[in-house]
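For reference, run-v9.csv is printed below; it contains CSV, C-alpha atoms.
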chain,number,residue,atom,x,y,z
A,87,MET,CA,-16.3,27.2,-33.8
A,88,PRO,CA,-15.7,30.1,-31.3
A,89,ARG,CA,-13.7,29.4,-28.2
A,90,PHE,CA,-14.5,30.6,-24.8
A,91,ALA,CA,-12.5,30.8,-21.6
A,92,ALA,CA,-14.6,29.5,-18.8
A,93,ALA,CA,-13.7,29.8,-15.1
A,94,VAL,CA,-15.4,27.7,-12.6
A,95,THR,CA,-15.0,28.8,-8.9
A,96,VAL,CA,-16.0,26.2,-6.3
A,97,ARG,CA,-16.5,27.2,-2.7
A,98,LEU,CA,-17.8,25.4,0.4
A,99,LYS,CA,-21.4,26.2,1.1
A,100,PRO,CA,-22.0,28.8,3.8
A,101,GLY,CA,-22.0,27.1,7.2
A,102,VAL,CA,-19.7,24.2,6.1
A,103,LEU,CA,-16.7,24.3,8.4
A,104,ASP,CA,-13.4,24.6,6.5
A,105,PRO,CA,-10.6,23.4,8.7
A,106,GLU,CA,-8.0,24.1,6.0
A,107,ALA,CA,-9.0,27.7,5.8
A,108,GLU,CA,-9.0,28.0,9.6
A,109,THR,CA,-5.5,26.6,9.7
A,110,THR,CA,-4.4,29.0,6.9
A,111,SER,CA,-6.0,31.9,8.8
A,112,ALA,CA,-4.1,30.9,12.0
A,113,ALA,CA,-0.9,30.9,10.0
A,114,LEU,CA,-1.6,34.4,8.6
A,115,GLU,CA,-2.2,35.6,12.2
A,116,ARG,CA,1.1,34.2,13.3
A,117,LEU,CA,2.7,36.3,10.5
A,118,GLY,CA,1.1,39.3,12.0
A,119,PHE,CA,-1.8,39.9,9.5
A,120,ASP,CA,-4.9,41.2,11.1
A,121,HIS,CA,-7.7,39.8,9.0
A,122,HIS,CA,-11.2,38.3,9.1
A,123,GLY,CA,-13.3,35.9,7.0
A,124,LEU,CA,-10.7,34.0,5.1
A,125,VAL,CA,-12.4,31.8,2.5
A,126,HIS,CA,-10.8,29.2,0.4
A,127,ALA,CA,-12.0,28.5,-3.1
A,128,ASP,CA,-10.9,26.3,-6.0
A,129,ARG,CA,-10.8,27.9,-9.4
A,130,PHE,CA,-10.7,25.8,-12.6
A,131,GLU,CA,-10.0,27.5,-16.0
A,132,VAL,CA,-10.9,25.7,-19.2
A,133,LEU,CA,-11.3,26.5,-22.9
A,134,VAL,CA,-14.6,25.4,-24.4
A,135,GLU,CA,-15.6,25.4,-28.0
A,136,ALA,CA,-19.3,26.5,-28.4
A,137,ASP,CA,-21.6,28.4,-30.7
A,138,THR,CA,-22.5,30.9,-28.0
A,139,ALA,CA,-21.3,32.1,-24.6
A,140,GLU,CA,-24.5,30.6,-23.2
A,141,THR,CA,-23.7,27.1,-24.5
A,142,ALA,CA,-20.1,27.4,-23.2
A,143,GLU,CA,-21.5,28.4,-19.8
A,144,SER,CA,-23.9,25.5,-19.9
A,145,THR,CA,-21.0,23.1,-20.6
A,146,ALA,CA,-18.9,24.6,-17.8
A,147,SER,CA,-22.0,24.2,-15.5
A,148,GLN,CA,-22.3,20.5,-16.4
A,149,MET,CA,-18.6,20.1,-15.6
A,150,ALA,CA,-19.2,21.6,-12.1
A,151,GLU,CA,-22.4,19.5,-11.5
A,152,GLN,CA,-20.8,16.2,-12.6
A,153,LEU,CA,-17.3,16.5,-11.2
A,154,LEU,CA,-15.8,19.8,-10.1
A,155,ALA,CA,-18.2,20.5,-7.3
A,156,ASN,CA,-20.0,18.2,-4.8
A,157,PRO,CA,-23.6,19.4,-4.3
A,158,THR,CA,-23.5,18.3,-0.6
A,159,LEU,CA,-20.6,20.6,0.1
A,160,HIS,CA,-20.2,23.2,-2.6
A,161,THR,CA,-21.6,26.1,-4.5
A,162,TYR,CA,-20.0,27.3,-7.7
A,163,GLU,CA,-19.9,30.3,-10.0
A,164,ILE,CA,-19.1,30.4,-13.7
A,165,GLU,CA,-17.6,33.2,-15.7
A,166,VAL,CA,-17.3,32.9,-19.5
A,167,GLN,CA,-15.3,35.2,-21.7
A,168,PRO,CA,-14.6,35.0,-25.5
A,169,GLU,CA,-11.0,33.8,-25.9
B,104,MET,CA,-18.5,-17.3,-5.3
B,105,SER,CA,-15.9,-14.7,-4.3
B,106,ILE,CA,-15.6,-11.2,-2.9
B,107,ALA,CA,-14.3,-8.8,-5.6
B,108,VAL,CA,-12.0,-6.2,-4.0
B,109,ILE,CA,-11.7,-3.4,-6.5
B,110,GLN,CA,-8.2,-2.0,-6.7
B,111,PHE,CA,-7.9,1.5,-8.0
B,112,GLY,CA,-4.6,3.3,-8.6
B,113,GLY,CA,-3.6,4.3,-5.1
B,114,SER,CA,-5.8,1.8,-3.2
B,115,ASN,CA,-3.7,0.4,-0.4
B,116,CYS,CA,-6.0,-1.7,1.8
B,117,ASP,CA,-7.0,-4.1,-0.9
B,118,ARG,CA,-4.5,-6.7,0.3
B,119,ASP,CA,-5.6,-6.2,3.9
B,120,VAL,CA,-9.2,-7.1,2.9
B,121,VAL,CA,-8.0,-10.3,1.0
B,122,THR,CA,-5.8,-11.3,4.0
B,123,ALA,CA,-8.6,-10.8,6.4
B,124,ALA,CA,-11.0,-12.8,4.2
B,125,ASP,CA,-8.4,-15.6,3.9
B,126,HIS,CA,-8.1,-15.6,7.7
B,127,LEU,CA,-11.9,-16.1,7.9
B,128,GLY,CA,-11.8,-18.9,5.3
B,129,LEU,CA,-13.6,-16.7,2.7
B,130,THR,CA,-12.6,-16.2,-0.9
B,131,ALA,CA,-11.6,-12.8,-2.0
B,132,HIS,CA,-9.8,-11.6,-5.1
B,133,ARG,CA,-8.4,-8.2,-6.0
B,134,VAL,CA,-9.8,-6.9,-9.3
B,135,TRP,CA,-7.9,-4.1,-11.0
B,136,HIS,CA,-10.2,-1.4,-12.0
B,137,THR,CA,-9.6,-1.6,-15.8
B,138,ASP,CA,-10.1,-5.4,-15.8
B,139,ALA,CA,-13.4,-7.1,-16.5
B,140,PHE,CA,-15.7,-7.3,-13.5
B,141,PRO,CA,-15.9,-10.9,-12.4
B,142,THR,CA,-19.4,-12.2,-13.2
B,143,ASP,CA,-19.3,-14.7,-10.3
B,144,ALA,CA,-18.6,-12.0,-7.7
B,145,SER,CA,-20.9,-12.6,-4.7
B,146,GLY,CA,-19.8,-9.4,-3.0
B,147,VAL,CA,-17.8,-6.2,-3.6
B,148,VAL,CA,-15.4,-4.3,-1.4
B,149,LEU,CA,-14.3,-0.8,-2.3
B,150,PRO,CA,-11.1,-0.7,-0.2
B,151,GLY,CA,-9.2,2.0,1.6
B,152,GLY,CA,-6.3,4.0,0.3
B,153,PHE,CA,-5.6,7.2,-1.5
B,154,SER,CA,-7.1,6.5,-4.9
B,155,TYR,CA,-5.6,8.9,-7.5
B,156,GLY,CA,-3.8,10.8,-4.7
B,157,ASP,CA,-7.1,12.3,-3.4
B,158,TYR,CA,-6.9,14.7,-6.4
B,159,LEU,CA,-9.9,17.1,-6.5
B,160,ARG,CA,-11.6,15.4,-3.6
B,161,PRO,CA,-11.0,12.0,-1.9
B,162,GLY,CA,-12.7,9.3,-3.9
B,163,VAL,CA,-14.0,11.4,-6.7
B,164,MET,CA,-11.7,10.2,-9.4
B,165,ALA,CA,-12.2,6.5,-8.6
B,166,ALA,CA,-15.9,7.2,-8.7
B,167,GLN,CA,-15.6,8.0,-12.4
B,168,SER,CA,-13.9,4.7,-13.2
B,169,PRO,CA,-15.9,2.6,-15.6
B,170,ILE,CA,-15.8,-0.4,-13.2
B,171,MET,CA,-18.0,1.7,-10.9
B,172,SER,CA,-20.9,1.4,-13.4
B,173,GLN,CA,-20.4,-2.4,-13.1
B,174,VAL,CA,-20.6,-2.1,-9.4
B,175,GLU,CA,-23.6,0.2,-9.5
B,176,ALA,CA,-25.4,-2.2,-11.9
B,177,ARG,CA,-25.1,-4.9,-9.2
B,178,LEU,CA,-26.4,-2.8,-6.2
B,179,GLY,CA,-29.2,-4.7,-4.5
B,180,ARG,CA,-28.1,-8.0,-6.1
B,181,VAL,CA,-24.7,-8.4,-4.4
B,182,PRO,CA,-23.6,-6.7,-1.1
B,183,VAL,CA,-21.3,-3.8,-1.7
B,184,LEU,CA,-19.2,-2.3,1.2
B,185,GLY,CA,-17.0,0.8,0.9
B,186,ILE,CA,-14.3,1.1,3.5
B,187,CYS,CA,-12.5,4.4,4.3
B,188,ASN,CA,-11.4,5.7,0.8
B,189,GLY,CA,-13.9,3.2,-0.5
B,190,ALA,CA,-16.6,5.0,1.5
B,191,GLN,CA,-15.5,8.3,0.0
B,192,VAL,CA,-15.6,6.6,-3.5
B,193,GLY,CA,-19.1,5.3,-2.7
B,194,ALA,CA,-20.3,8.7,-1.6
B,195,GLU,CA,-18.8,10.5,-4.6
B,196,ALA,CA,-20.4,7.8,-6.9
B,197,GLY,CA,-23.8,8.5,-5.2
B,198,ILE,CA,-24.3,4.9,-4.0
B,199,VAL,CA,-25.0,6.5,-0.6
B,200,PRO,CA,-26.1,10.0,0.1
B,201,GLY,CA,-23.9,12.7,1.6
B,202,SER,CA,-20.2,13.2,1.5
B,203,PHE,CA,-17.0,12.7,3.5
B,204,THR,CA,-14.8,15.8,3.9
B,205,THR,CA,-11.8,17.1,5.9
B,206,ASN,CA,-11.8,16.2,9.6
B,207,THR,CA,-12.8,19.1,11.8
B,208,SER,CA,-9.3,19.0,13.4
B,209,ALA,CA,-7.6,19.2,10.0
B,210,ARG,CA,-5.5,16.3,11.2
B,211,PHE,CA,-5.1,12.8,10.0
B,212,ARG,CA,-6.5,10.5,12.7
B,213,CYS,CA,-5.1,7.1,13.0
B,214,GLU,CA,-6.4,5.4,16.1
B,215,TRP,CA,-8.8,2.9,17.6
B,216,VAL,CA,-12.4,4.1,18.1
B,217,HIS,CA,-15.6,2.7,19.4
B,218,CYS,CA,-18.6,2.5,17.1
B,219,ARG,CA,-22.2,1.7,18.1
B,220,VAL,CA,-24.2,-0.7,15.8
B,221,GLU,CA,-27.3,1.3,14.8
B,222,THR,CA,-29.1,-1.3,12.9
B,223,THR,CA,-28.8,-5.1,12.4
B,224,SER,CA,-30.9,-5.2,9.3
B,225,THR,CA,-27.9,-5.3,6.9
B,226,PRO,CA,-25.7,-8.2,5.9
B,227,PHE,CA,-22.8,-6.4,7.5
B,228,THR,CA,-24.2,-6.0,11.0
B,229,ALA,CA,-26.7,-9.0,11.1
B,230,ALA,CA,-24.4,-10.9,13.5
B,231,PHE,CA,-24.6,-8.1,16.1
B,232,ASP,CA,-27.3,-6.7,18.4
B,233,GLU,CA,-28.4,-3.2,18.0
B,234,GLY,CA,-26.4,-1.0,20.4
B,235,ASP,CA,-23.4,-3.3,20.4
B,236,VAL,CA,-20.2,-1.3,20.8
B,237,LEU,CA,-17.4,-2.3,18.4
B,238,GLN,CA,-13.7,-1.5,18.6
B,239,LEU,CA,-12.4,-0.6,15.1
B,240,PRO,CA,-9.5,1.4,13.8
B,241,ILE,CA,-9.7,4.5,11.7
B,242,ALA,CA,-7.1,6.1,9.6
B,243,HIS,CA,-8.3,9.1,7.6
B,244,GLY,CA,-7.9,12.8,7.1
B,245,ALA,CA,-11.3,13.3,5.4
B,246,GLY,CA,-13.8,11.3,7.3
B,247,ARG,CA,-16.2,14.0,8.4
B,248,TYR,CA,-19.6,12.8,7.1
B,249,LEU,CA,-21.8,15.6,6.0
B,250,ALA,CA,-25.3,15.6,4.6
B,251,ASP,CA,-28.0,18.2,4.9
B,252,GLN,CA,-30.4,18.0,7.8
B,253,GLU,CA,-33.2,16.7,5.6
B,254,THR,CA,-31.0,13.8,4.3
B,255,VAL,CA,-29.8,12.9,7.8
B,256,HIS,CA,-33.4,12.9,9.0
B,257,ALA,CA,-34.5,10.7,6.1
B,258,LEU,CA,-31.6,8.3,6.8
B,259,GLU,CA,-32.6,8.0,10.4
B,260,GLU,CA,-36.3,7.5,9.5
B,261,ASP,CA,-35.3,4.7,7.1
B,262,ASP,CA,-33.0,3.0,9.6
B,263,ARG,CA,-30.1,3.7,7.3
B,264,ILE,CA,-27.4,4.7,9.8
B,265,LEU,CA,-25.0,1.8,10.0
B,266,LEU,CA,-22.6,2.9,12.8
B,267,ARG,CA,-22.0,5.9,15.0
B,268,TYR,CA,-18.8,6.9,16.8
B,269,CYS,CA,-19.3,6.5,20.6
B,270,ASP,CA,-17.4,6.0,23.8
B,271,ALA,CA,-16.7,2.7,25.4
B,272,SER,CA,-20.1,2.7,27.0
B,273,GLY,CA,-22.0,3.4,23.8
B,274,GLU,CA,-22.6,7.1,24.4
B,275,THR,CA,-22.3,9.2,21.2
B,276,SER,CA,-20.7,12.3,22.7
B,277,PRO,CA,-18.8,15.0,20.8
B,278,ALA,CA,-15.6,13.8,22.5
B,279,ALA,CA,-16.1,10.3,20.9
B,280,ASN,CA,-16.4,11.9,17.5
B,281,PRO,CA,-13.0,11.7,15.8
B,282,ASN,CA,-13.7,13.8,12.8
B,283,GLY,CA,-16.7,16.0,13.3
B,284,SER,CA,-19.2,13.8,11.4
B,285,VAL,CA,-22.8,15.0,11.7
B,286,GLY,CA,-24.6,12.9,14.3
B,287,ASN,CA,-21.3,11.0,15.0
B,288,ILE,CA,-22.1,9.0,11.8
B,289,ALA,CA,-19.4,6.5,11.0
B,290,GLY,CA,-21.2,4.5,8.3
B,291,VAL,CA,-24.4,4.8,6.2
B,292,ILE,CA,-26.5,2.5,4.1
B,293,GLY,CA,-27.5,3.1,0.5
B,294,THR,CA,-30.8,2.6,-1.2
B,295,HIS,CA,-30.5,-1.1,-0.8
B,296,ARG,CA,-29.7,-2.5,2.6
B,297,SER,CA,-26.9,-4.6,1.2
B,298,THR,CA,-25.0,-1.4,0.1
B,299,ALA,CA,-23.1,0.5,2.8
B,300,VAL,CA,-20.0,2.5,3.4
B,301,MET,CA,-18.0,3.1,6.6
B,302,MET,CA,-14.9,5.0,7.5
B,303,PRO,CA,-13.5,2.5,10.2
B,304,HIS,CA,-11.6,-0.5,8.9
B,305,PRO,CA,-13.2,-3.9,9.7
B,306,GLU,CA,-10.4,-5.7,7.8
B,307,ARG,CA,-7.9,-4.3,10.3
B,308,ALA,CA,-9.9,-5.7,13.2
B,309,THR,CA,-10.1,-9.2,12.0
B,310,VAL,CA,-6.8,-11.0,12.4
B,311,PRO,CA,-6.0,-11.3,16.1
B,312,ALA,CA,-2.2,-11.4,15.5
B,313,VAL,CA,-2.2,-7.8,14.3
B,314,ALA,CA,-5.3,-6.3,16.0
B,315,ARG,CA,-6.5,-5.7,19.5
B,316,SER,CA,-10.1,-6.5,18.4
B,317,SER,CA,-11.7,-8.9,16.0
B,318,ASP,CA,-15.0,-6.9,15.9
B,319,GLY,CA,-14.5,-6.4,12.1
B,320,ALA,CA,-14.7,-10.1,11.4
B,321,PRO,CA,-18.5,-10.4,11.5
B,322,ILE,CA,-18.8,-7.4,9.1
B,323,LEU,CA,-16.7,-9.2,6.4
B,324,ARG,CA,-18.3,-12.5,7.1
B,325,GLY,CA,-21.7,-11.0,6.7
B,326,LEU,CA,-20.7,-9.5,3.4
B,327,ALA,CA,-19.5,-12.9,2.2
B,328,GLU,CA,-22.3,-15.0,3.5
B,329,SER,CA,-25.3,-12.8,2.7
B,330,VAL,CA,-27.7,-13.7,-0.1
B,331,SER,CA,-29.3,-10.5,-1.2
Write-out of the structure in structure tokens:
Amino acid sequence: MPRFAAAVTVRLKPGVLDPEAETTSAALERLGFDHHGLVHADRFEVLVEADTAETAESTASQMAEQLLANPTLHTYEIEVQPE
Amino acid sequence: MSIAVIQFGGSNCDRDVVTAADHLGLTAHRVWHTDAFPTDASGVVLPGGFSYGDYLRPGVMAAQSPIMSQVEARLGRVPVLGICNGAQVGAEAGIVPGSFTTNTSARFRCEWVHCRVETTSTPFTAAFDEGDVLQLPIAHGAGRYLADQETVHALEEDDRILLRYCDASGETSPAANPNGSVGNIAGVIGTHRSTAVMMPHPERATVPAVARSSDGAPILRGLAESVS
């Protein structure tokens, strides 16, 4: 069966305060970096066996829905490439 | 008849709950999460700690543990109380709506707080009067309760807010909110009124020799004595 490399990127929903990103941003400022809008995201990469890219994407989406993301807090994006 | 205190890898308040229960003359036993769920359990506590090192999100790994389906199967039949990490487990398992995430301050807060009793129509708060101000300790880095506006409104409409952070006079000001929780919410009730989670630790406010307040005692006694 074909294998696909799926990447699931999980981010906080817009408007959800991210104290860790704010702390990181403050540290970057202390290092002298002029910057704006730092966003932190978690990226999960996984190999999935599936007949088609659509099926692999659906599997990765279920992973996000059931575990990797929390619908109260997060949005997620999925990219699928043939391995 | 016994309270089952579910012990996950990384739980660290399970013994405290048993000690507090002993002090109150109640029977509580720790139950390792891979062991069989005790069929005679008359109540369940999901205790505090750092289950599975808070990997991914606090509570999410423990929420996947098979014993949680045993707990979920008993909701409404026996009272279930999630405390601190147990509250995070309960939210991740979906036994209450919403989620607990990183404190606004990004700091771990370990201190005594005041909480106002928002409803007495649960086993946990039946011994209080609505508006009573309790002194309870917190110890968490991710206690900021979040839920969308619609969910919070529905919780309020259904009288499902258990506790709110407040000052000593019972005012729910932003200054009295230790973690940025929406609406100063410190505890919420699930679909059944005998299911609740709370970030403050009632078991650490039960034994006078080690606590400045024993306001947590009625919460644990209510859990043990309720017949749902």
Please check the contacts: residues of chain A at most 10 Å away from chain B, using all atoms listed in the file, listed as JSON, numbers by chain. {"A": [102, 103, 104, 105, 106, 107, 108, 109, 128, 152, 153, 154, 155, 156, 157, 158, 159]}
Please identify all polymer residues within 10 Å of B:Gly162, counting all atoms listed in the file, omitting same-chain residues fewer than 4 positions from it, and present them as a list in words.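 Final neighbour list, sorted by chain and number: Gly151, Gly152, Phe153, Ser154, Tyr155, Gly156, Asp157, Tyr158, Ala166, Gln167, Cys187, Asn188, Gly189, Ala190, Gln191, Val192, Gly193, Ala194, Glu195, Ala196 and Phe203 of chain B.
Taking all atoms listed in the file into account, the residues near (-15.2, 31.9, -28.3), no farther than 6 Å, are Pro88, Arg89, Phe90, Pro168 and Glu169 of chain A.
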Under the rule that all atoms listed in the file are counted, which of A:Met87, A:Ala93, A:Thr145, A:Phe119 is the nearest residue to A:Gln167? A:Ala93
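Contact shell of stretch 105-119 of chain B at 6 Å (only C-alpha atoms; same-chain neighbours under 3 positions omitted): Thr122, Thr130, Ala131, His132, Arg133, Val134, Trp135, His136, Ala144, Ser145, Gly146, Val147, Val148, Leu149, Pro150, Gly151, Gly152, Phe153, Ser154 and Tyr155 of chain B.
Picture a line from atom CA of B:Leu127 to atom CA of B:Arg307; it runs 12.7 Å.
The shortest atom-to-atom distance to A:Glu140, with all atoms listed in the file taken into account, belongs to A:Ala92 out of A:His122, A:Ala92, A:Arg116, A:Lys99.
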Which value, in Å to one decimal, gives the distance between atom CA of B:Asp232 and atom CA of B:Ile186?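 These two atoms are separated by 21.3 Å.
Each of B:Ala279, B:Val199, B:Ser272, B:Glu253 was checked against B:Leu184 using all atoms listed in the file; the smallest atom-to-atom distance is that of B:Val199.
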Neighbouring residues of stretch 296-305 of chain B were defined as those with any atom within 7 Å, considering all atoms listed in the file; residues of the same chain fewer than 6 positions away were excluded. Please report them as a ChimeraX atom specification. /B:178-179,182-187,190,193,225-226,239-241,246,289-290,319-320,322,331
Residues near B:Asp235, cut-off 6 Å, all atoms listed in the file, skip fewer than 2 positions along chain, as a list in words: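 Everything that qualifies: Arg219, Val220, Asp232 and Glu233 of chain B.
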Could you complete stretch 92-126 of chain A so that it carries N, CA and C atoms, and give it back as a compact mmCIF listing (two decimals), in the coordinates of the input?
# COMPACT_ATOMS: atom_id res chain seq x y z
N ALA A 92 -13.66 29.62 -19.91
CA ALA A 92 -14.60 29.50 -18.80
C ALA A 92 -13.84 29.32 -17.50
N ALA A 93 -14.28 30.00 -16.46
CA ALA A 93 -13.70 29.80 -15.10
C ALA A 93 -14.78 29.35 -14.18
N VAL A 94 -14.49 28.23 -13.52
CA VAL A 94 -15.40 27.70 -12.60
C VAL A 94 -14.83 27.84 -11.16
N THR A 95 -15.49 28.59 -10.32
CA THR A 95 -15.00 28.80 -8.90
C THR A 95 -15.89 27.99 -7.99
N VAL A 96 -15.25 27.08 -7.25
CA VAL A 96 -16.00 26.20 -6.30
C VAL A 96 -15.67 26.56 -4.91
N ARG A 97 -16.72 26.81 -4.13
CA ARG A 97 -16.50 27.20 -2.70
C ARG A 97 -17.37 26.27 -1.83
N LEU A 98 -16.95 26.14 -0.58
CA LEU A 98 -17.80 25.40 0.40
C LEU A 98 -19.06 26.24 0.61
N LYS A 99 -20.17 25.55 0.81
CA LYS A 99 -21.40 26.20 1.10
C LYS A 99 -21.28 26.99 2.42
N PRO A 100 -22.00 28.11 2.56
CA PRO A 100 -22.00 28.80 3.80
C PRO A 100 -22.36 27.87 4.96
N GLY A 101 -21.63 27.92 6.06
CA GLY A 101 -22.00 27.10 7.20
C GLY A 101 -21.20 25.76 7.23
N VAL A 102 -20.56 25.39 6.12
CA VAL A 102 -19.70 24.20 6.10
C VAL A 102 -18.34 24.56 6.66
N LEU A 103 -17.98 23.97 7.78
CA LEU A 103 -16.70 24.30 8.40
C LEU A 103 -15.54 23.95 7.45
N ASP A 104 -14.57 24.87 7.35
CA ASP A 104 -13.40 24.60 6.50
C ASP A 104 -12.14 24.63 7.32
N PRO A 105 -11.76 23.46 7.83
CA PRO A 105 -10.60 23.40 8.70
C PRO A 105 -9.30 23.86 8.03
N GLU A 106 -9.20 23.67 6.73
CA GLU A 106 -8.00 24.10 6.00
C GLU A 106 -7.90 25.63 6.00
N ALA A 107 -9.04 26.27 5.76
CA ALA A 107 -9.00 27.70 5.80
C ALA A 107 -8.74 28.26 7.17
N GLU A 108 -9.27 27.57 8.19
CA GLU A 108 -9.00 28.00 9.60
C GLU A 108 -7.51 27.89 9.92
N THR A 109 -6.90 26.80 9.42
CA THR A 109 -5.50 26.60 9.70
C THR A 109 -4.65 27.67 8.94
N THR A 110 -5.06 27.97 7.72
CA THR A 110 -4.40 29.00 6.90
C THR A 110 -4.51 30.36 7.62
N SER A 111 -5.72 30.61 8.10
CA SER A 111 -6.00 31.90 8.80
C SER A 111 -5.10 32.01 10.02
N ALA A 112 -4.96 30.90 10.76
CA ALA A 112 -4.10 30.90 12.00
C ALA A 112 -2.67 31.22 11.59
N ALA A 113 -2.23 30.68 10.45
CA ALA A 113 -0.90 30.90 10.00
C ALA A 113 -0.67 32.40 9.61
N LEU A 114 -1.68 32.98 8.98
CA LEU A 114 -1.60 34.40 8.60
C LEU A 114 -1.53 35.27 9.89
N GLU A 115 -2.28 34.85 10.91
CA GLU A 115 -2.20 35.60 12.20
C GLU A 115 -0.84 35.54 12.79
N ARG A 116 -0.23 34.34 12.73
CA ARG A 116 1.10 34.20 13.30
C ARG A 116 2.10 35.10 12.54
N LEU A 117 1.81 35.36 11.25
CA LEU A 117 2.70 36.30 10.50
C LEU A 117 2.36 37.73 10.74
N GLY A 118 1.35 37.97 11.58
CA GLY A 118 1.10 39.30 12.00
C GLY A 118 -0.03 40.00 11.15
N PHE A 119 -0.74 39.27 10.32
CA PHE A 119 -1.80 39.90 9.50
C PHE A 119 -3.11 39.90 10.28
N ASP A 120 -3.61 41.09 10.51
CA ASP A 120 -4.90 41.20 11.10
C ASP A 120 -5.95 41.04 10.01
N HIS A 121 -6.74 40.02 10.10
CA HIS A 121 -7.70 39.80 9.00
C HIS A 121 -8.90 39.01 9.50
N HIS A 122 -9.92 38.94 8.67
CA HIS A 122 -11.20 38.30 9.10
C HIS A 122 -11.74 37.54 7.83
N GLY A 123 -12.47 36.50 8.10
CA GLY A 123 -13.30 35.90 7.00
C GLY A 123 -12.56 35.27 5.90
N LEU A 124 -11.44 34.62 6.16
CA LEU A 124 -10.70 34.00 5.10
C LEU A 124 -11.54 32.82 4.49
N VAL A 125 -11.71 32.84 3.20
CA VAL A 125 -12.40 31.80 2.50
C VAL A 125 -11.54 31.16 1.46
N HIS A 126 -11.53 29.84 1.41
CA HIS A 126 -10.80 29.20 0.40
C HIS A 126 -11.68 28.74 -0.75
